[in-house]
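Quick notes on the structure that follows.
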Amino acid sequence: MSSDGFLVRTMRQEEVRVAVDWAEQEGWNPGIHDAEAFYAADPEGFFVAELDGEPIGSVSVVNYDEAFAFAGLYVVMPEYRDRGYGSRLCAAGWSHAGGRNIGADGVVEMQEKYRTRSGFTLAYRSIRFEGTGGGSEPEGTVDLALVPFERLAAYDARHFPAPRPRFLEAWIRQEGSLGRAVLADDGEIAGYGVIRKCRNGYKIGPLFADTPGIAEDIFFALSLQAPGEPVYLDTPEPNAAAVAFARRHGMVPVFETARIYTKAIPDLPLGEIFGVTSFELG
């Protein structure tokens with residue numbers, strides 16, 4: 001603890017739920033059971049800031065492998081903002097990442113601070129679209145539980161800056177979620193997606209697919225699970241087909257972030273990324 005009563009420490013597992021609750025208060029609309037999957041990714045990667053023993057902020061910096069980490073869940077209670085506590089909290093998180101390239105999704109009002117104070121580089125915008133669930137079952141999708149996990153993890157790693165099997169296993173099996181995939185004639189994965197219950201409505205993420213048509217089939221199969229409910233899809237703006245698809249089906253933009261990195265921008269097939277997994281863990 002510093003002389004002014006400020007302390008940053010690693011969160012206990014049950015405290016990650018508190019950080020997710022704070023994210024809800026900030027309007028990020030996390031999944032109801034996200035905390036369990038988040039913690040599985042890197043149990044040492046969640047930090048709480050305390051002032052005189054009272055929690056006042058959180059940040060996560062999840063190390064996925066030796067080269068890549070992702071930061072999220074950055075919240076400082078409103079009455080403690082602009083007093084330097086956030087910078088000290090983030091410094092502890094960045095220390096956990098070591099020399100790794102750190103990715104994050106920055107909200108609009110924080111993007112300039114991330115660029116000038118933390119050295120992040122803007123990669124692209126992500127747009128959250130909102131629509132209404134329902135529809136009819138398309139042909140050709142299969143339950144994700146029928147797909148060998150090793151194949152799924154390999155396909156996922158093609159669309160993310162690092163392999164993330166521990167996180168992925170927890171994510172696709174979290175309570176209240178459902179996954180669908182499309183398989184090619186040779187049995188290889190041509191696309192997959194997951195829908196999960198959130199504090200408001202449902203989110204589809206990730207949604208990765210080889211073609212826009214496959215992405216639409218998976219989207220419809222997932223959207224069917226939430227008839228009449230709000231459904232959200234976070235699309236990378238450079239994927240013009242994803243943005244056009246969302247607008248074509250009556251979805252409207254309701255939120256945006258910027259994907260940012262501290263080092264080189266990873267070379268990902270953005271044309272196959274129709275929905276990011278989460279703004280908190282990448």
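Naming works like this for the structure tokens: A, B, ... for the chains as they're shown, residue 1 at the start of each chain, ligands 1 onward in shown order.
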Give me the residues within 8 Å of stretch 222-237 of chain A as an mmCIF file with C-alpha atoms, in the first residue's frame, counting only C-alpha atoms and dropping any in the same chain fewer than 3 places off.
data_model
loop_
_atom_site.group_PDB
_atom_site.id
_atom_site.type_symbol
_atom_site.label_atom_id
_atom_site.label_comp_id
_atom_site.auth_asym_id
_atom_site.auth_seq_id
_atom_site.Cartn_x
_atom_site.Cartn_y
_atom_site.Cartn_z
ATOM 1 C CA TYR A 124 -10.017 0.020 -36.774
ATOM 2 C CA ARG A 125 -13.462 0.837 -35.389
ATOM 3 C CA SER A 126 -15.879 -1.807 -34.155
ATOM 4 C CA ILE A 127 -19.597 -1.072 -34.387
ATOM 5 C CA ARG A 128 -22.211 -2.654 -32.125
ATOM 6 C CA PHE A 129 -25.422 -3.326 -34.036
ATOM 7 C CA GLU A 130 -28.747 -4.072 -32.364
ATOM 8 C CA GLY A 131 -31.566 -6.078 -33.911
ATOM 9 C CA THR A 132 -34.353 -8.401 -32.844
ATOM 10 C CA GLY A 133 -33.999 -12.156 -32.545
ATOM 11 C CA GLY A 134 -36.170 -14.761 -34.184
ATOM 12 C CA GLY A 135 -36.594 -16.112 -37.686
ATOM 13 C CA SER A 136 -36.391 -19.560 -39.214
ATOM 14 C CA GLU A 137 -33.769 -22.302 -38.975
ATOM 15 C CA LEU A 178 -25.386 -21.905 -27.574
ATOM 16 C CA GLY A 179 -22.986 -22.481 -30.462
ATOM 17 C CA ARG A 180 -23.483 -23.351 -34.111
ATOM 18 C CA GLY A 193 -20.588 -18.605 -33.731
ATOM 19 C CA VAL A 194 -21.860 -18.394 -30.159
ATOM 20 C CA ILE A 195 -24.862 -16.605 -28.665
ATOM 21 C CA ASN A 200 -29.933 -6.895 -21.775
ATOM 22 C CA GLY A 201 -30.845 -9.249 -24.584
ATOM 23 C CA TYR A 202 -28.324 -11.536 -26.261
ATOM 24 C CA LYS A 203 -24.962 -11.109 -27.958
ATOM 25 C CA ILE A 204 -23.574 -13.112 -30.834
ATOM 26 C CA GLY A 205 -19.815 -13.432 -30.593
ATOM 27 C CA ILE A 218 -24.827 -19.110 -38.516
ATOM 28 C CA PHE A 219 -26.244 -15.746 -37.483
ATOM 29 C CA ALA A 240 -17.830 -4.196 -45.238
ATOM 30 C CA ALA A 242 -20.533 -7.695 -42.101
ATOM 31 C CA VAL A 243 -21.654 -4.078 -41.800
ATOM 32 C CA LEU A 270 -10.904 -9.249 -40.974
ATOM 33 C CA ILE A 273 -14.538 -11.767 -38.667
ATOM 34 C CA PHE A 274 -18.232 -10.860 -38.646
ATOM 35 C CA GLY A 275 -18.550 -10.536 -34.888
ATOM 36 C CA VAL A 276 -15.833 -10.126 -32.238
ATOM 37 C CA SER A 278 -16.228 -9.553 -26.561
#
Expected answer as a ChimeraX atom specification: helix (DSSP H, G or I) residues in stretch 9-127 of chain A: /A:13-25,34-41,78-80,85-97,108-118
Those of stretch 41-179 of chain A in DSSP strand (DSSP E), formatted as a VMD selection string: chain A and resid 46 to 51 54 to 63 68 to 76 101 to 107 121 to 132 141 to 143 177 to 179
Write the selection just made, keeping C-alpha atoms, as a compact mmCIF listing (two decimals), in the first residue's frame?
# COMPACT_ATOMS: atom_id res chain seq x y z
CA PHE A 46 -7.53 -9.32 -13.08
CA PHE A 47 -6.73 -6.37 -10.83
CA VAL A 48 -8.65 -4.28 -8.32
CA ALA A 49 -7.62 -0.85 -7.06
CA GLU A 50 -8.38 -0.08 -3.42
CA LEU A 51 -8.26 3.20 -1.52
CA GLU A 54 -12.35 0.12 -0.41
CA PRO A 55 -12.47 -1.02 -4.08
CA ILE A 56 -12.54 1.92 -6.47
CA GLY A 57 -11.51 0.46 -9.84
CA SER A 58 -10.69 -2.57 -11.95
CA VAL A 59 -8.74 -3.60 -15.02
CA SER A 60 -7.96 -6.91 -16.68
CA VAL A 61 -4.85 -7.72 -18.68
CA VAL A 62 -5.18 -11.31 -19.84
CA ASN A 63 -2.03 -13.00 -21.14
CA PHE A 68 -0.10 -11.27 -26.84
CA ALA A 69 -2.32 -9.93 -24.07
CA PHE A 70 -5.68 -8.18 -24.05
CA ALA A 71 -6.83 -5.44 -21.68
CA GLY A 72 -10.39 -4.74 -20.62
CA LEU A 73 -12.79 -4.21 -17.73
CA TYR A 74 -11.15 -0.84 -17.09
CA VAL A 75 -13.43 1.06 -14.74
CA VAL A 76 -12.71 3.69 -12.11
CA ASN A 101 1.67 -6.71 -27.49
CA ILE A 102 -1.48 -5.52 -25.66
CA GLY A 103 -4.78 -5.24 -27.49
CA ALA A 104 -7.87 -3.44 -26.22
CA ASP A 105 -11.18 -1.96 -27.30
CA GLY A 106 -11.30 1.71 -26.32
CA VAL A 107 -14.50 3.70 -25.96
CA THR A 121 -2.20 2.57 -32.08
CA LEU A 122 -5.66 2.58 -33.67
CA ALA A 123 -6.34 -0.44 -35.86
CA TYR A 124 -10.02 0.02 -36.77
CA ARG A 125 -13.46 0.84 -35.39
CA SER A 126 -15.88 -1.81 -34.16
CA ILE A 127 -19.60 -1.07 -34.39
CA ARG A 128 -22.21 -2.65 -32.12
CA PHE A 129 -25.42 -3.33 -34.04
CA GLU A 130 -28.75 -4.07 -32.36
CA GLY A 131 -31.57 -6.08 -33.91
CA THR A 132 -34.35 -8.40 -32.84
CA THR A 141 -25.58 -25.64 -39.34
CA VAL A 142 -24.62 -28.13 -36.63
CA ASP A 143 -24.47 -27.95 -32.86
CA SER A 177 -24.90 -20.01 -24.33
CA LEU A 178 -25.39 -21.90 -27.57
CA GLY A 179 -22.99 -22.48 -30.46
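If only C-alpha atoms are the atoms counted, then among A:Lys113, A:Arg17, A:Arg164, A:Arg259 the closest residue to A:Leu152 is A:Arg164.
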Long-range neighbours of A:Leu168 as a PyMOL selection string, 9 Å cut-off, only C-alpha atoms, 3 positions minimum in chain: chain A and resi 37+41+152-153+156+164-165+171-173
Atoms kept (C-alpha atoms) for selection, written as a PDB file, in the first residue's frame:
ATOM      1  CA  ALA A  37     -15.024 -17.659 -18.735  1.00  0.00           C
ATOM      2  CA  ALA A  41      -8.385 -17.254 -19.540  1.00  0.00           C
ATOM      3  CA  LEU A 152     -12.509 -25.547 -33.188  1.00  0.00           C
ATOM      4  CA  ALA A 153      -9.527 -24.163 -31.270  1.00  0.00           C
ATOM      5  CA  ASP A 156     -10.514 -19.847 -33.704  1.00  0.00           C
ATOM      6  CA  ARG A 164      -6.886 -19.231 -26.483  1.00  0.00           C
ATOM      7  CA  PRO A 165      -8.026 -22.804 -25.731  1.00  0.00           C
ATOM      8  CA  TRP A 171     -16.756 -19.605 -23.300  1.00  0.00           C
ATOM      9  CA  ILE A 172     -18.596 -22.141 -25.446  1.00  0.00           C
ATOM     10  CA  ARG A 173     -19.755 -24.101 -22.395  1.00  0.00           C
TER      11      ARG A 173
END
Surrounding residues of stretch 18-20 of chain A excluding itself and chain neighbours under 2 positions, 7 Å, only C-alpha atoms, as a PyMOL selection string: chain A and resi 15-16+22-24+30+35+58+73
With all heavy atoms retained, could you export that selection as a compact mmCIF listing (two decimals), in the first residue's frame?
# COMPACT_ATOMS: atom_id res chain seq x y z
N GLU A 15 -14.37 -11.91 -7.19
CA GLU A 15 -14.35 -10.47 -7.39
C GLU A 15 -14.47 -10.09 -8.86
O GLU A 15 -14.83 -8.95 -9.18
CB GLU A 15 -13.08 -9.87 -6.79
CG GLU A 15 -13.04 -9.94 -5.28
CD GLU A 15 -11.72 -9.46 -4.71
OE1 GLU A 15 -10.65 -9.87 -5.23
OE2 GLU A 15 -11.75 -8.67 -3.75
N VAL A 16 -14.17 -11.02 -9.77
CA VAL A 16 -14.31 -10.72 -11.19
C VAL A 16 -15.77 -10.41 -11.51
O VAL A 16 -16.07 -9.57 -12.36
CB VAL A 16 -13.79 -11.89 -12.05
CG1 VAL A 16 -14.00 -11.60 -13.54
CG2 VAL A 16 -12.30 -12.12 -11.77
N TRP A 22 -19.58 -3.73 -12.64
CA TRP A 22 -19.20 -2.34 -12.93
C TRP A 22 -19.27 -2.06 -14.43
O TRP A 22 -19.69 -0.97 -14.85
CB TRP A 22 -17.80 -2.07 -12.41
CG TRP A 22 -17.68 -1.99 -10.92
CD1 TRP A 22 -18.72 -1.93 -10.02
CD2 TRP A 22 -16.48 -1.95 -10.15
NE1 TRP A 22 -18.23 -1.87 -8.74
CE2 TRP A 22 -16.85 -1.87 -8.79
CE3 TRP A 22 -15.13 -1.98 -10.47
CZ2 TRP A 22 -15.93 -1.82 -7.76
CZ3 TRP A 22 -14.19 -1.92 -9.45
CH2 TRP A 22 -14.59 -1.84 -8.10
N ALA A 23 -18.85 -3.05 -15.24
CA ALA A 23 -18.95 -2.89 -16.69
C ALA A 23 -20.39 -2.70 -17.13
O ALA A 23 -20.68 -1.91 -18.04
CB ALA A 23 -18.33 -4.11 -17.39
N GLU A 24 -21.31 -3.39 -16.47
CA GLU A 24 -22.72 -3.22 -16.76
C GLU A 24 -23.16 -1.79 -16.44
O GLU A 24 -23.90 -1.16 -17.21
CB GLU A 24 -23.54 -4.22 -15.95
CG GLU A 24 -25.02 -3.91 -15.81
CD GLU A 24 -25.76 -3.91 -17.13
OE1 GLU A 24 -25.22 -4.40 -18.15
OE2 GLU A 24 -26.89 -3.39 -17.16
N PRO A 30 -22.39 -6.68 -20.46
CA PRO A 30 -21.68 -7.97 -20.51
C PRO A 30 -22.64 -9.14 -20.39
O PRO A 30 -23.82 -8.98 -20.03
CB PRO A 30 -20.75 -7.90 -19.30
CG PRO A 30 -21.47 -6.98 -18.35
CD PRO A 30 -22.16 -5.96 -19.21
N ALA A 35 -18.07 -13.76 -16.32
CA ALA A 35 -16.99 -13.73 -15.34
C ALA A 35 -16.25 -15.06 -15.26
O ALA A 35 -15.02 -15.09 -15.16
CB ALA A 35 -17.54 -13.34 -13.96
N SER A 58 -11.10 -1.25 -11.47
CA SER A 58 -10.69 -2.57 -11.95
C SER A 58 -10.06 -2.45 -13.32
O SER A 58 -10.32 -1.49 -14.07
CB SER A 58 -11.89 -3.52 -12.02
OG SER A 58 -12.80 -3.10 -13.04
N LEU A 73 -12.17 -4.41 -19.05
CA LEU A 73 -12.79 -4.21 -17.73
C LEU A 73 -12.18 -3.03 -16.98
O LEU A 73 -12.08 -3.05 -15.75
CB LEU A 73 -12.70 -5.48 -16.88
CG LEU A 73 -13.52 -6.68 -17.36
CD1 LEU A 73 -13.24 -7.90 -16.49
CD2 LEU A 73 -15.01 -6.36 -17.37
Within 7 Å of stretch 78-89 of chain A using only C-alpha atoms, minus same-chain residues under 3 positions, as a ChimeraX atom specification: /A:8,49,92-93
Atoms to include: all heavy atoms. Write the selected residues as a short mmCIF file (atom, residue, chain, number, x, y, z; two decimals), in the first residue's frame.
data_model
loop_
_atom_site.label_atom_id
_atom_site.label_comp_id
_atom_site.auth_asym_id
_atom_site.auth_seq_id
_atom_site.Cartn_x
_atom_site.Cartn_y
_atom_site.Cartn_z
N VAL A 8 -3.06 -1.70 -5.43
CA VAL A 8 -3.55 -2.53 -6.54
C VAL A 8 -3.16 -3.96 -6.24
O VAL A 8 -2.00 -4.24 -5.94
CB VAL A 8 -2.97 -2.09 -7.90
CG1 VAL A 8 -3.47 -3.03 -9.00
CG2 VAL A 8 -3.36 -0.65 -8.22
N ALA A 49 -8.26 -1.96 -7.76
CA ALA A 49 -7.62 -0.85 -7.06
C ALA A 49 -8.43 -0.56 -5.80
O ALA A 49 -9.67 -0.50 -5.84
CB ALA A 49 -7.58 0.39 -7.95
N ALA A 92 -0.10 -1.28 -13.22
CA ALA A 92 0.01 -2.62 -12.64
C ALA A 92 -0.41 -3.68 -13.64
O ALA A 92 0.22 -4.74 -13.75
CB ALA A 92 -0.84 -2.71 -11.37
N GLY A 93 -1.47 -3.39 -14.39
CA GLY A 93 -1.91 -4.34 -15.41
C GLY A 93 -0.91 -4.50 -16.52
O GLY A 93 -0.60 -5.63 -16.94
#
